[in-house]
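Undergrad: Provided herewith: my_file_3.cif, mmCIF, C-alpha atoms (C1' of nucleotides).
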```
data_data
loop_
_atom_site.group_PDB
_atom_site.id
_atom_site.type_symbol
_atom_site.label_atom_id
_atom_site.label_comp_id
_atom_site.auth_asym_id
_atom_site.auth_seq_id
_atom_site.Cartn_x
_atom_site.Cartn_y
_atom_site.Cartn_z
ATOM 1 C CA MET A 252 -33.912 5.930 31.979
ATOM 2 C CA SER A 253 -31.634 3.488 30.217
ATOM 3 C CA ARG A 254 -28.691 1.673 31.706
ATOM 4 C CA THR A 255 -25.265 3.116 32.340
ATOM 5 C CA PRO A 256 -23.885 4.296 29.000
ATOM 6 C CA PRO A 257 -20.799 2.858 27.245
ATOM 7 C CA HIS A 258 -17.320 4.161 28.012
ATOM 8 C CA PRO A 259 -14.073 3.546 26.097
ATOM 9 C CA THR A 260 -11.485 1.314 27.703
ATOM 10 C CA ARG A 261 -8.271 2.900 28.914
ATOM 11 C CA GLU A 262 -6.415 1.844 25.791
ATOM 12 C CA GLN A 263 -9.117 3.240 23.540
ATOM 13 C CA ILE A 264 -8.657 6.758 24.871
ATOM 14 C CA GLU A 265 -7.197 8.900 22.085
ATOM 15 C CA LEU A 266 -5.149 12.043 22.548
ATOM 16 C CA PRO A 267 -6.742 14.167 19.817
ATOM 17 C CA MET A 268 -10.250 13.387 21.073
ATOM 18 C CA VAL A 269 -9.276 14.306 24.637
ATOM 19 C CA LEU A 270 -7.704 17.580 23.531
ATOM 20 C CA ASP A 271 -10.682 18.411 21.366
ATOM 21 C CA CYS A 272 -13.022 17.705 24.241
ATOM 22 C CA LEU A 273 -11.060 19.961 26.567
ATOM 23 C CA SER A 274 -10.982 22.768 24.008
ATOM 24 C CA ASP A 275 -14.652 23.597 24.474
ATOM 25 C CA PRO A 276 -15.190 26.216 27.212
ATOM 26 C CA ILE A 277 -18.213 24.477 28.730
ATOM 27 C CA ARG A 278 -16.541 21.076 28.775
ATOM 28 C CA LEU A 279 -13.372 22.576 30.212
ATOM 29 C CA ALA A 280 -15.476 24.152 32.945
ATOM 30 C CA ILE A 281 -17.104 20.802 33.706
ATOM 31 C CA VAL A 282 -13.742 19.059 33.956
ATOM 32 C CA TYR A 283 -12.349 21.901 36.031
ATOM 33 C CA GLN A 284 -15.274 21.776 38.446
ATOM 34 C CA LEU A 285 -14.882 18.010 38.805
ATOM 35 C CA ALA A 286 -11.171 18.427 39.471
ATOM 36 C CA GLN A 287 -11.799 21.103 42.107
ATOM 37 C CA GLN A 288 -14.237 18.831 43.928
ATOM 38 C CA GLU A 289 -11.918 15.841 43.750
ATOM 39 C CA PRO A 290 -10.349 16.226 47.217
ATOM 40 C CA VAL A 291 -13.831 16.473 48.784
ATOM 41 C CA SER A 292 -15.768 13.874 46.803
ATOM 42 C CA SER A 293 -14.784 12.487 43.464
ATOM 43 C CA GLU A 294 -18.323 12.690 42.126
ATOM 44 C CA LEU A 295 -20.783 15.346 41.067
ATOM 45 C CA CYS A 296 -24.175 14.907 39.479
ATOM 46 C CA CYS A 297 -25.519 16.582 36.337
ATOM 47 C CA GLY A 298 -27.507 19.129 38.255
ATOM 48 C CA ASP A 299 -24.352 20.519 39.817
ATOM 49 C CA PHE A 300 -23.450 21.984 36.429
ATOM 50 C CA ASN A 301 -26.765 23.638 35.682
ATOM 51 C CA ALA A 302 -25.186 27.076 36.044
ATOM 52 C CA LEU A 303 -23.042 26.402 32.975
ATOM 53 C CA SER A 304 -25.816 25.853 30.412
ATOM 54 C CA GLY A 305 -29.240 24.356 29.777
ATOM 55 C CA LYS A 306 -29.927 20.733 30.618
ATOM 56 C CA SER A 307 -30.088 19.394 27.085
ATOM 57 C CA ASN A 308 -26.934 21.187 26.088
ATOM 58 C CA LEU A 309 -25.169 19.785 29.148
ATOM 59 C CA ALA A 310 -26.321 16.281 28.257
ATOM 60 C CA TYR A 311 -24.680 16.776 24.864
ATOM 61 C CA HIS A 312 -21.396 17.804 26.473
ATOM 62 C CA PHE A 313 -21.557 15.005 29.050
ATOM 63 C CA ALA A 314 -21.867 12.516 26.223
ATOM 64 C CA LYS A 315 -18.797 13.958 24.514
ATOM 65 C CA LEU A 316 -16.803 13.835 27.726
ATOM 66 C CA ARG A 317 -17.832 10.236 28.245
ATOM 67 C CA GLU A 318 -17.125 9.146 24.686
ATOM 68 C CA CYS A 319 -13.602 10.534 24.719
ATOM 69 C CA GLY A 320 -12.817 8.887 28.054
ATOM 70 C CA LEU A 321 -12.510 11.942 30.252
ATOM 71 C CA MET A 322 -15.453 11.142 32.519
ATOM 72 C CA GLN A 323 -17.284 8.156 33.856
ATOM 73 C CA THR A 324 -20.999 8.126 34.590
ATOM 74 C CA ARG A 325 -22.658 6.063 37.288
ATOM 75 C CA VAL A 326 -26.443 5.787 37.355
ATOM 76 C CA ALA A 327 -28.101 5.936 40.765
ATOM 77 C CA GLY A 328 -31.867 6.264 40.861
ATOM 78 C CA THR A 329 -32.824 9.367 38.973
ATOM 79 C CA ASN A 330 -29.326 10.834 39.282
ATOM 80 C CA ARG A 331 -26.157 10.343 37.269
ATOM 81 C CA PHE A 332 -22.907 10.738 39.114
ATOM 82 C CA MET A 333 -19.889 11.721 37.118
ATOM 83 C CA ARG A 334 -16.216 11.580 37.949
ATOM 84 C CA LEU A 335 -12.954 12.195 36.153
ATOM 85 C CA ARG A 336 -11.168 9.075 34.899
ATOM 86 C CA ARG A 337 -8.007 10.248 36.568
ATOM 87 C CA GLU A 338 -6.207 6.932 36.817
ATOM 88 C CA ASP A 339 -6.798 6.083 33.187
ATOM 89 C CA LEU A 340 -5.869 9.534 31.962
ATOM 90 C CA ASP A 341 -2.724 9.740 34.064
ATOM 91 C CA ALA A 342 -1.714 6.316 32.820
ATOM 92 C CA ARG A 343 -2.272 7.162 29.167
ATOM 93 C CA PHE A 344 -1.143 10.777 29.182
ATOM 94 C CA PRO A 345 1.071 11.462 32.222
ATOM 95 C CA GLY A 346 0.863 15.016 33.463
ATOM 96 C CA LEU A 347 -1.600 16.145 30.834
ATOM 97 C CA LEU A 348 -4.724 16.483 32.941
ATOM 98 C CA ASP A 349 -2.857 18.256 35.717
ATOM 99 C CA ALA A 350 -1.231 20.651 33.278
ATOM 100 C CA VAL A 351 -4.595 21.492 31.739
ATOM 101 C CA ILE A 352 -6.270 22.016 35.097
ATOM 102 C CA THR A 353 -3.413 24.117 36.458
ATOM 103 C CA SER A 354 -3.416 26.207 33.280
ATOM 104 C CA ALA A 355 -7.166 26.601 33.459
ATOM 105 C CA ALA A 356 -6.962 27.661 37.097
ATOM 106 C CA LYS A 357 -4.522 30.436 36.195
ATOM 107 C CA ASP A 358 -7.035 31.811 33.687
ATOM 108 C CA ALA A 359 -10.105 30.983 35.738
ATOM 109 C CA ASP A 360 -11.809 34.347 35.403
ATOM 110 C CA ARG A 361 -10.884 34.844 31.763
ATOM 111 C CA LEU A 362 -12.356 31.422 31.001
ATOM 112 C CA ARG A 363 -15.500 31.899 33.126
ATOM 113 C CA LEU A 364 -14.843 28.532 34.714
ATOM 114 C CA VAL A 365 -17.043 29.519 37.617
ATOM 115 C CA SER A 366 -20.633 30.501 37.139
ATOM 116 C CA GLU A 367 -21.732 34.086 37.835
ATOM 117 C CA CYS A 368 -23.560 33.185 41.049
ATOM 118 C CA GLU A 369 -20.607 31.279 42.436
ATOM 119 C CA VAL A 370 -18.467 34.361 41.856
ATOM 120 C CA VAL A 371 -21.060 36.504 43.586
ATOM 121 C CA ASP A 372 -21.301 34.023 46.448
ATOM 122 C CA ALA A 373 -17.557 34.097 46.903
ATOM 123 C CA GLY A 374 -17.353 37.894 46.915
ATOM 124 C CA MET B 287 5.083 37.181 -0.597
ATOM 125 C CA SER B 288 3.778 39.492 2.090
ATOM 126 C CA ARG B 289 5.573 40.451 5.272
ATOM 127 C CA THR B 290 5.848 38.329 8.389
ATOM 128 C CA PRO B 291 2.295 37.610 9.589
ATOM 129 C CA PRO B 292 0.805 38.735 12.943
ATOM 130 C CA HIS B 293 1.227 36.648 16.068
ATOM 131 C CA PRO B 294 -0.597 36.960 19.409
ATOM 132 C CA THR B 295 1.397 38.268 22.359
ATOM 133 C CA ARG B 296 2.198 35.854 25.166
ATOM 134 C CA GLU B 297 -0.678 37.122 27.271
ATOM 135 C CA GLN B 298 -3.119 36.784 24.397
ATOM 136 C CA ILE B 299 -2.526 33.045 24.104
ATOM 137 C CA GLU B 300 -5.716 31.244 25.170
ATOM 138 C CA LEU B 301 -5.934 27.715 26.544
ATOM 139 C CA PRO B 302 -9.012 26.538 24.599
ATOM 140 C CA MET B 303 -7.546 27.755 21.306
ATOM 141 C CA VAL B 304 -4.262 25.972 22.002
ATOM 142 C CA LEU B 305 -6.034 22.730 22.905
ATOM 143 C CA ASP B 306 -8.266 22.965 19.866
ATOM 144 C CA CYS B 307 -5.251 23.535 17.656
ATOM 145 C CA LEU B 308 -3.471 20.514 19.084
ATOM 146 C CA SER B 309 -6.528 18.318 18.653
ATOM 147 C CA ASP B 310 -6.188 18.162 14.883
ATOM 148 C CA PRO B 311 -4.015 15.213 13.774
ATOM 149 C CA ILE B 312 -2.136 17.181 11.120
ATOM 150 C CA ARG B 313 -1.425 20.099 13.435
ATOM 151 C CA LEU B 314 -0.390 17.738 16.204
ATOM 152 C CA ALA B 315 2.011 16.095 13.777
ATOM 153 C CA ILE B 316 3.459 19.483 12.835
ATOM 154 C CA VAL B 317 3.999 20.428 16.471
ATOM 155 C CA TYR B 318 5.428 17.015 17.216
ATOM 156 C CA GLN B 319 7.863 17.227 14.322
ATOM 157 C CA LEU B 320 8.978 20.683 15.456
ATOM 158 C CA ALA B 321 9.470 19.406 18.990
ATOM 159 C CA GLN B 322 11.516 16.438 17.779
ATOM 160 C CA GLN B 323 13.808 18.734 15.807
ATOM 161 C CA GLU B 324 14.198 21.181 18.688
ATOM 162 C CA PRO B 325 17.478 19.789 20.052
ATOM 163 C CA VAL B 326 19.017 19.940 16.574
ATOM 164 C CA SER B 327 17.647 23.207 15.241
ATOM 165 C CA SER B 328 14.634 25.024 16.558
ATOM 166 C CA GLU B 329 13.352 25.796 13.085
ATOM 167 C CA LEU B 330 11.829 23.944 10.158
ATOM 168 C CA CYS B 331 10.441 25.350 6.944
ATOM 169 C CA CYS B 332 7.049 24.646 5.390
ATOM 170 C CA GLY B 333 8.436 22.201 2.884
ATOM 171 C CA ASP B 334 9.611 19.934 5.673
ATOM 172 C CA PHE B 335 5.984 19.041 6.330
ATOM 173 C CA ASN B 336 4.978 18.260 2.765
ATOM 174 C CA ALA B 337 4.586 14.586 3.624
ATOM 175 C CA LEU B 338 1.688 15.436 5.915
ATOM 176 C CA SER B 339 -0.661 17.022 3.373
ATOM 177 C CA GLY B 340 -0.921 19.287 0.344
ATOM 178 C CA LYS B 341 0.664 22.710 0.371
ATOM 179 C CA SER B 342 -2.497 24.755 0.571
ATOM 180 C CA ASN B 343 -3.900 22.599 3.316
ATOM 181 C CA LEU B 344 -0.662 22.971 5.258
ATOM 182 C CA ALA B 345 -0.785 26.746 4.848
ATOM 183 C CA TYR B 346 -4.229 26.633 6.430
ATOM 184 C CA HIS B 347 -2.937 24.659 9.413
ATOM 185 C CA PHE B 348 0.163 26.851 9.748
ATOM 186 C CA ALA B 349 -2.094 29.883 10.001
ATOM 187 C CA LYS B 350 -4.117 28.219 12.766
ATOM 188 C CA LEU B 351 -0.988 27.302 14.673
ATOM 189 C CA ARG B 352 0.270 30.868 14.360
ATOM 190 C CA GLU B 353 -3.017 32.481 15.359
ATOM 191 C CA CYS B 354 -3.332 30.431 18.524
ATOM 192 C CA GLY B 355 0.247 31.198 19.553
ATOM 193 C CA LEU B 356 1.772 27.747 19.183
ATOM 194 C CA MET B 357 4.226 28.645 16.404
ATOM 195 C CA GLN B 358 6.148 31.609 15.167
ATOM 196 C CA THR B 359 6.950 32.219 11.524
ATOM 197 C CA ARG B 360 10.044 33.973 10.237
ATOM 198 C CA VAL B 361 10.258 34.958 6.579
ATOM 199 C CA ALA B 362 13.601 34.416 4.865
ATOM 200 C CA GLY B 363 13.716 34.818 1.108
ATOM 201 C CA THR B 364 11.258 32.415 -0.426
ATOM 202 C CA ASN B 365 11.157 30.283 2.707
ATOM 203 C CA ARG B 366 9.232 30.551 5.951
ATOM 204 C CA PHE B 367 10.889 29.169 9.030
ATOM 205 C CA MET B 368 8.674 28.041 11.848
ATOM 206 C CA ARG B 369 9.464 27.288 15.445
ATOM 207 C CA LEU B 370 7.507 26.407 18.564
ATOM 208 C CA ARG B 371 6.883 29.314 20.955
ATOM 209 C CA ARG B 372 8.216 27.220 23.783
ATOM 210 C CA GLU B 373 9.093 29.984 26.220
ATOM 211 C CA ASP B 374 5.721 31.643 25.880
ATOM 212 C CA LEU B 375 3.803 28.392 26.128
ATOM 213 C CA ASP B 376 5.755 27.146 29.124
ATOM 214 C CA ALA B 377 5.214 30.479 30.837
ATOM 215 C CA ARG B 378 1.469 30.513 30.213
ATOM 216 C CA PHE B 379 0.739 26.793 30.595
ATOM 217 C CA PRO B 380 3.538 25.091 32.533
ATOM 218 C CA GLY B 381 4.045 21.477 31.584
ATOM 219 C CA LEU B 382 1.293 21.424 29.018
ATOM 220 C CA LEU B 383 3.347 21.308 25.848
ATOM 221 C CA ASP B 384 5.679 18.673 27.254
ATOM 222 C CA ALA B 385 2.773 16.539 28.419
ATOM 223 C CA VAL B 386 1.152 16.718 24.996
ATOM 224 C CA ILE B 387 4.365 15.882 23.173
ATOM 225 C CA THR B 388 5.222 13.029 25.517
ATOM 226 C CA SER B 389 1.705 11.651 25.169
ATOM 227 C CA ALA B 390 1.870 11.993 21.407
ATOM 228 C CA ALA B 391 5.207 10.209 21.332
ATOM 229 C CA LYS B 392 3.721 7.248 23.194
ATOM 230 C CA ASP B 393 1.039 6.927 20.503
ATOM 231 C CA ALA B 394 3.283 7.913 17.619
ATOM 232 C CA ASP B 395 2.289 5.089 15.284
ATOM 233 C CA ARG B 396 -1.398 5.167 16.178
ATOM 234 C CA LEU B 397 -1.411 8.894 15.439
ATOM 235 C CA ARG B 398 0.621 8.631 12.227
ATOM 236 C CA LEU B 399 2.858 11.399 13.483
ATOM 237 C CA VAL B 400 5.514 10.292 11.072
ATOM 238 C CA SER B 401 4.912 10.165 7.360
ATOM 239 C CA GLU B 402 4.772 6.825 5.539
ATOM 240 C CA CYS B 403 8.121 7.327 3.806
ATOM 241 C CA GLU B 404 9.854 8.223 7.049
ATOM 242 C CA VAL B 405 8.567 4.964 8.510
ATOM 243 C CA VAL B 406 9.792 3.075 5.472
ATOM 244 C CA ASP B 407 13.134 4.865 5.595
ATOM 245 C CA ALA B 408 13.550 3.876 9.215
ATOM 246 C CA GLY B 409 12.700 0.225 8.562
ATOM 247 C "C1'" DT C 114 -52.151 7.096 40.683
ATOM 248 C "C1'" DT C 115 -50.810 11.504 40.292
ATOM 249 C "C1'" DG C 116 -47.210 14.731 40.234
ATOM 250 C "C1'" DA C 117 -42.604 16.321 40.525
ATOM 251 C "C1'" DT C 118 -37.741 15.703 39.667
ATOM 252 C "C1'" DA C 119 -33.597 14.366 36.903
ATOM 253 C "C1'" DG C 120 -31.883 13.686 32.871
ATOM 254 C "C1'" DT C 121 -31.868 11.956 27.822
ATOM 255 C "C1'" DT C 122 -33.113 12.038 22.893
ATOM 256 C "C1'" DC C 123 -34.562 14.124 18.743
ATOM 257 C "C1'" DA C 124 -34.997 17.405 14.871
ATOM 258 C "C1'" DA C 125 -33.669 21.705 13.339
ATOM 259 C "C1'" DC C 126 -30.527 25.254 12.326
ATOM 260 C "C1'" DA C 127 -26.586 28.428 11.862
ATOM 261 C "C1'" DA C 128 -21.756 28.667 12.287
ATOM 262 C "C1'" DA C 129 -17.243 26.834 12.037
ATOM 263 C "C1'" DC C 130 -14.116 23.411 10.201
ATOM 264 C "C1'" DG C 131 -10.967 20.779 6.961
ATOM 265 C "C1'" DT C 132 -9.971 19.822 2.269
ATOM 266 C "C1'" DT C 133 -9.397 20.790 -2.588
ATOM 267 C "C1'" DG C 134 -7.625 23.077 -6.808
ATOM 268 C "C1'" DA C 135 -6.751 27.192 -9.196
ATOM 269 C "C1'" DA C 136 -4.810 31.649 -9.071
ATOM 270 C "C1'" DC C 137 -1.574 34.531 -7.130
ATOM 271 C "C1'" DA C 138 2.769 36.673 -5.088
ATOM 272 C "C1'" DT C 139 7.664 36.715 -4.244
ATOM 273 C "C1'" DA C 140 12.502 35.524 -4.459
ATOM 274 C "C1'" DG C 141 16.444 33.401 -6.640
ATOM 275 C "C1'" DG C 142 19.065 31.132 -10.547
ATOM 276 C "C1'" DG C 143 20.029 30.508 -15.396
ATOM 277 C "C1'" DC D 196 14.629 38.600 -18.598
ATOM 278 C "C1'" DC D 197 12.205 34.163 -18.090
ATOM 279 C "C1'" DC D 198 11.593 30.106 -15.330
ATOM 280 C "C1'" DT D 199 11.226 27.619 -11.362
ATOM 281 C "C1'" DA D 200 10.549 26.891 -6.359
ATOM 282 C "C1'" DT D 201 8.241 28.254 -2.193
ATOM 283 C "C1'" DG D 202 4.402 29.368 -0.078
ATOM 284 C "C1'" DT D 203 -0.156 32.096 0.433
ATOM 285 C "C1'" DT D 204 -4.992 33.352 -0.715
ATOM 286 C "C1'" DC D 205 -9.442 32.537 -2.492
ATOM 287 C "C1'" DA D 206 -13.895 30.307 -3.514
ATOM 288 C "C1'" DA D 207 -16.235 26.172 -3.239
ATOM 289 C "C1'" DC D 208 -17.710 22.078 -1.114
ATOM 290 C "C1'" DG D 209 -19.378 18.761 2.219
ATOM 291 C "C1'" DT D 210 -19.018 17.610 7.168
ATOM 292 C "C1'" DT D 211 -19.058 18.334 11.858
ATOM 293 C "C1'" DT D 212 -20.122 21.244 15.702
ATOM 294 C "C1'" DG D 213 -22.798 23.608 19.467
ATOM 295 C "C1'" DT D 214 -27.242 25.325 20.722
ATOM 296 C "C1'" DT D 215 -32.207 25.364 21.161
ATOM 297 C "C1'" DG D 216 -36.886 23.664 22.561
ATOM 298 C "C1'" DA D 217 -40.086 20.081 22.636
ATOM 299 C "C1'" DA D 218 -40.972 15.368 23.567
ATOM 300 C "C1'" DC D 219 -39.700 11.601 26.098
ATOM 301 C "C1'" DT D 220 -38.187 8.115 29.951
ATOM 302 C "C1'" DA D 221 -37.393 6.742 34.477
ATOM 303 C "C1'" DT D 222 -37.434 7.187 39.475
ATOM 304 C "C1'" DC D 223 -39.243 8.635 43.740
ATOM 305 C "C1'" DA D 224 -42.657 10.587 47.091
ATOM 306 C "C1'" DA D 225 -47.314 11.734 48.501
#
```
Once more with this new file: its structure as structure tokens, please.

TA:
Amino acid sequence: MSRTPPHPTREQIELPMVLDCLSDPIRLAIVYQLAQQEPVSSELCCGDFNALSGKSNLAYHFAKLRECGLMQTRVAGTNRFMRLRREDLDARFPGLLDAVITSAAKDADRLRLVSECEVVDAG
Amino acid sequence: MSRTPPHPTREQIELPMVLDCLSDPIRLAIVYQLAQQEPVSSELCCGDFNALSGKSNLAYHFAKLRECGLMQTRVAGTNRFMRLRREDLDARFPGLLDAVITSAAKDADRLRLVSECEVVDAG
DNA sequence: TTGATAGTTCAACAAACGTTGAACATAGGG
DNA sequence: CCCTATGTTCAACGTTTGTTGAACTATCAA
């Protein structure tokens, strides 16, 4: 598979694009899941999101998240590891990412941020 | 003109809809302009946004902003007065509106949040 | 080399979106 | 009453979006 894909620089990150990206339920769930995992490890790979949708649809959303500057992708063998661009986002838009994630957490069930099986596992 | 249009209740306000609404440049400019005016008077009428786009296009965006719970419209004679639903938004999504407005302010010129003539007037 | 695994790319399609202008409704002033 | 100002609604349009499945690429392990 090709090399590590292009990402915007910090200064190229645009507010409307970020908000638009976060407004899609699947992408919000991806960002939320990344944020939840952050204390443990800052990275997750594509397969960790398979519960959210099909692989090709996820690839589409990953690309959007990358293009708008929300995520960074690192290629390692046959895996791609993704992490939130927290530093860049906090620098550009202070408090925004946290506010979104906190708000999303409050509505977690309404938003189906967790996949069905995870909910079952937790219960 | 018909009666005052329907608005969602506080609990009906949904995060993805709010983010999607804010991701449009014209709507972001409307919200920003309302937020700027807040200390002075919490309301502006439709005509105050005429620099942003045509009247029918603005009516379309006003409807979106109302439907997602960002704004409230009050009918007074031939005017409609609009204000941000700050209390409701802060209750549902603490810090979100402020983070968006602060971020928008930082990029004010890049985002064309102010109309051309306002910029000229200021210069 | 063969096969399996991980993920991307492409073409297709329906649905939703933003913009326009024309028509409409309503209220207020002469 | 007529006229104007304010704002909405409607139909039309081209564009962008999200989703699908099939084809593809690349890496690793046996």

Undergrad: Around the point (2.2, 24.4, -0.9) in the file's coordinates, collect all residues with an atom within 12 Å, using only C-alpha atoms (C1' of nucleotides), and return them as a PDB file with C-alpha atoms (C1' of nucleotides), in the frame of the given file.

TA:
```
ATOM      1  CA  CYS B 331      10.441  25.350   6.944  1.00  0.00           C
ATOM      2  CA  CYS B 332       7.049  24.646   5.390  1.00  0.00           C
ATOM      3  CA  GLY B 333       8.436  22.201   2.884  1.00  0.00           C
ATOM      4  CA  ASP B 334       9.611  19.934   5.673  1.00  0.00           C
ATOM      5  CA  PHE B 335       5.984  19.041   6.330  1.00  0.00           C
ATOM      6  CA  ASN B 336       4.978  18.260   2.765  1.00  0.00           C
ATOM      7  CA  ALA B 337       4.586  14.586   3.624  1.00  0.00           C
ATOM      8  CA  LEU B 338       1.688  15.436   5.915  1.00  0.00           C
ATOM      9  CA  SER B 339      -0.661  17.022   3.373  1.00  0.00           C
ATOM     10  CA  GLY B 340      -0.921  19.287   0.344  1.00  0.00           C
ATOM     11  CA  LYS B 341       0.664  22.710   0.371  1.00  0.00           C
ATOM     12  CA  SER B 342      -2.497  24.755   0.571  1.00  0.00           C
ATOM     13  CA  ASN B 343      -3.900  22.599   3.316  1.00  0.00           C
ATOM     14  CA  LEU B 344      -0.662  22.971   5.258  1.00  0.00           C
ATOM     15  CA  ALA B 345      -0.785  26.746   4.848  1.00  0.00           C
ATOM     16  CA  TYR B 346      -4.229  26.633   6.430  1.00  0.00           C
ATOM     17  CA  HIS B 347      -2.937  24.659   9.413  1.00  0.00           C
ATOM     18  CA  PHE B 348       0.163  26.851   9.748  1.00  0.00           C
ATOM     19  CA  ASN B 365      11.157  30.283   2.707  1.00  0.00           C
ATOM     20  CA  ARG B 366       9.232  30.551   5.951  1.00  0.00           C
TER      21      ARG B 366
ATOM     22  C1'  DG C 134      -7.625  23.077  -6.808  1.00  0.00           C
TER      23       DG C 134
ATOM     24  C1'  DA D 200      10.549  26.891  -6.359  1.00  0.00           C
ATOM     25  C1'  DT D 201       8.241  28.254  -2.193  1.00  0.00           C
ATOM     26  C1'  DG D 202       4.402  29.368  -0.078  1.00  0.00           C
ATOM     27  C1'  DT D 203      -0.156  32.096   0.433  1.00  0.00           C
ATOM     28  C1'  DT D 204      -4.992  33.352  -0.715  1.00  0.00           C
TER      29       DT D 204
END
```

Undergrad: One decimal, in Å: what's the spacing between atom C1' of C:DG131 and atom CA of B:Ala321?

TA: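 Straight-line distance from atom C1' of C:DG131 to atom CA of B:Ala321 works out to 23.8 Å.
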
Undergrad: Near stretch 320-322 of chain A, within 12 Å and counting all atoms listed in the file, which residues show up once chain neighbours fewer than 2 positions away are dropped, as a PyMOL selection string?

TA: chain A and resi 256-273+278-279+281-283+285-286+293-296+312-318+324-325+331-341+343-344+347-348

Undergrad: Might you pull out every residue within 12 Å of D:DT222, with only C-alpha atoms (C1' of nucleotides) counted and same-chain residues fewer than 3 positions away left off, and present them as number ranges by chain?

TA: A: 252-253, 326-331; C: 117-120

Undergrad: Which residues, written as a ChimeraX atom specification, have at least one atom at most 10 Å from C:DA129, with all atoms listed in the file counted and residues fewer than 3 positions away on the same chain left out?

TA: /D:211-213

Undergrad: Tell me, in Å to one decimal, how far atom CA of A:Pro276 is from atom CA of B:Ala391.

TA: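 Pair atom CA of A:Pro276 / atom CA of B:Ala391 returns 26.6 Å.
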
Undergrad: Between D:DC198, D:DT214, D:DC219, D:DG209, which one has atoms that come closest to C:DC123, using all atoms listed in the file?

TA: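 Closest residue, counting all atoms listed in the file: D:DC219.
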
Undergrad: Could you state the separation of atom CA of B:Val400 and atom CA of B:Ala315 in Å, given to one decimal place?

TA: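 Between these atoms lies a distance of 7.3 Å.
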
Undergrad: What are the centre and the three edge lengths of an axis-aligned box that wraps all atoms of stretch 333-339 of chain A in the file, given that 8 Å is added to every side, written as JSON and rounded to one decimal in Å?

TA:
```
{"center_x": -13.0, "center_y": 9.1, "center_z": 35.6, "size_x": 29.7, "size_y": 22.1, "size_z": 20.8}
```

Undergrad: Name the residues that the PyMOL selection byres ((chain C and resi 135) around 10) pulls out of this structure, and write them as JSON, numbers by chain.

TA: {"C": [133, 134, 136, 137], "D": [205, 206]}

Undergrad: Can I get the selected residues back with C-alpha atoms (C1' of nucleotides), as a PDB file, in the coordinates of the input?

TA:
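Wrote it out as result.pdb, contents follow:
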```
ATOM      1  C1'  DT C 133      -9.397  20.790  -2.588  1.00  0.00           C
ATOM      2  C1'  DG C 134      -7.625  23.077  -6.808  1.00  0.00           C
ATOM      3  C1'  DA C 136      -4.810  31.649  -9.071  1.00  0.00           C
ATOM      4  C1'  DC C 137      -1.574  34.531  -7.130  1.00  0.00           C
TER       5       DC C 137
ATOM      6  C1'  DC D 205      -9.442  32.537  -2.492  1.00  0.00           C
ATOM      7  C1'  DA D 206     -13.895  30.307  -3.514  1.00  0.00           C
TER       8       DA D 206
END
```

Undergrad: Convert the output of the PyMOL selection byres ((chain C and resi 115) around 12) on the shown file into explicit residues, formatted as a list in words.

TA: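 For this structure, the PyMOL selection byres ((chain C and resi 115) around 12) captures DT114, DG116 and DA117 of chain C; DA224 and DA225 of chain D.
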
Undergrad: If we count only C-alpha atoms (C1' of nucleotides) and set the cut-off at 12 Å, which residues sit around C:DA125, ignoring sequence neighbours fewer than 5 positions away in its own chain? Please answer as a PyMOL selection string.

TA: chain D and resi 214-217

Undergrad: For chain B, which residue out of A:Gln284, A:Ser292, A:Thr353, A:Ser274 is the nearest one, using all atoms listed in the file?

TA: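 Of A:Gln284, A:Ser292, A:Thr353, A:Ser274, the one nearest chain B is A:Ser274, counting all atoms listed in the file.
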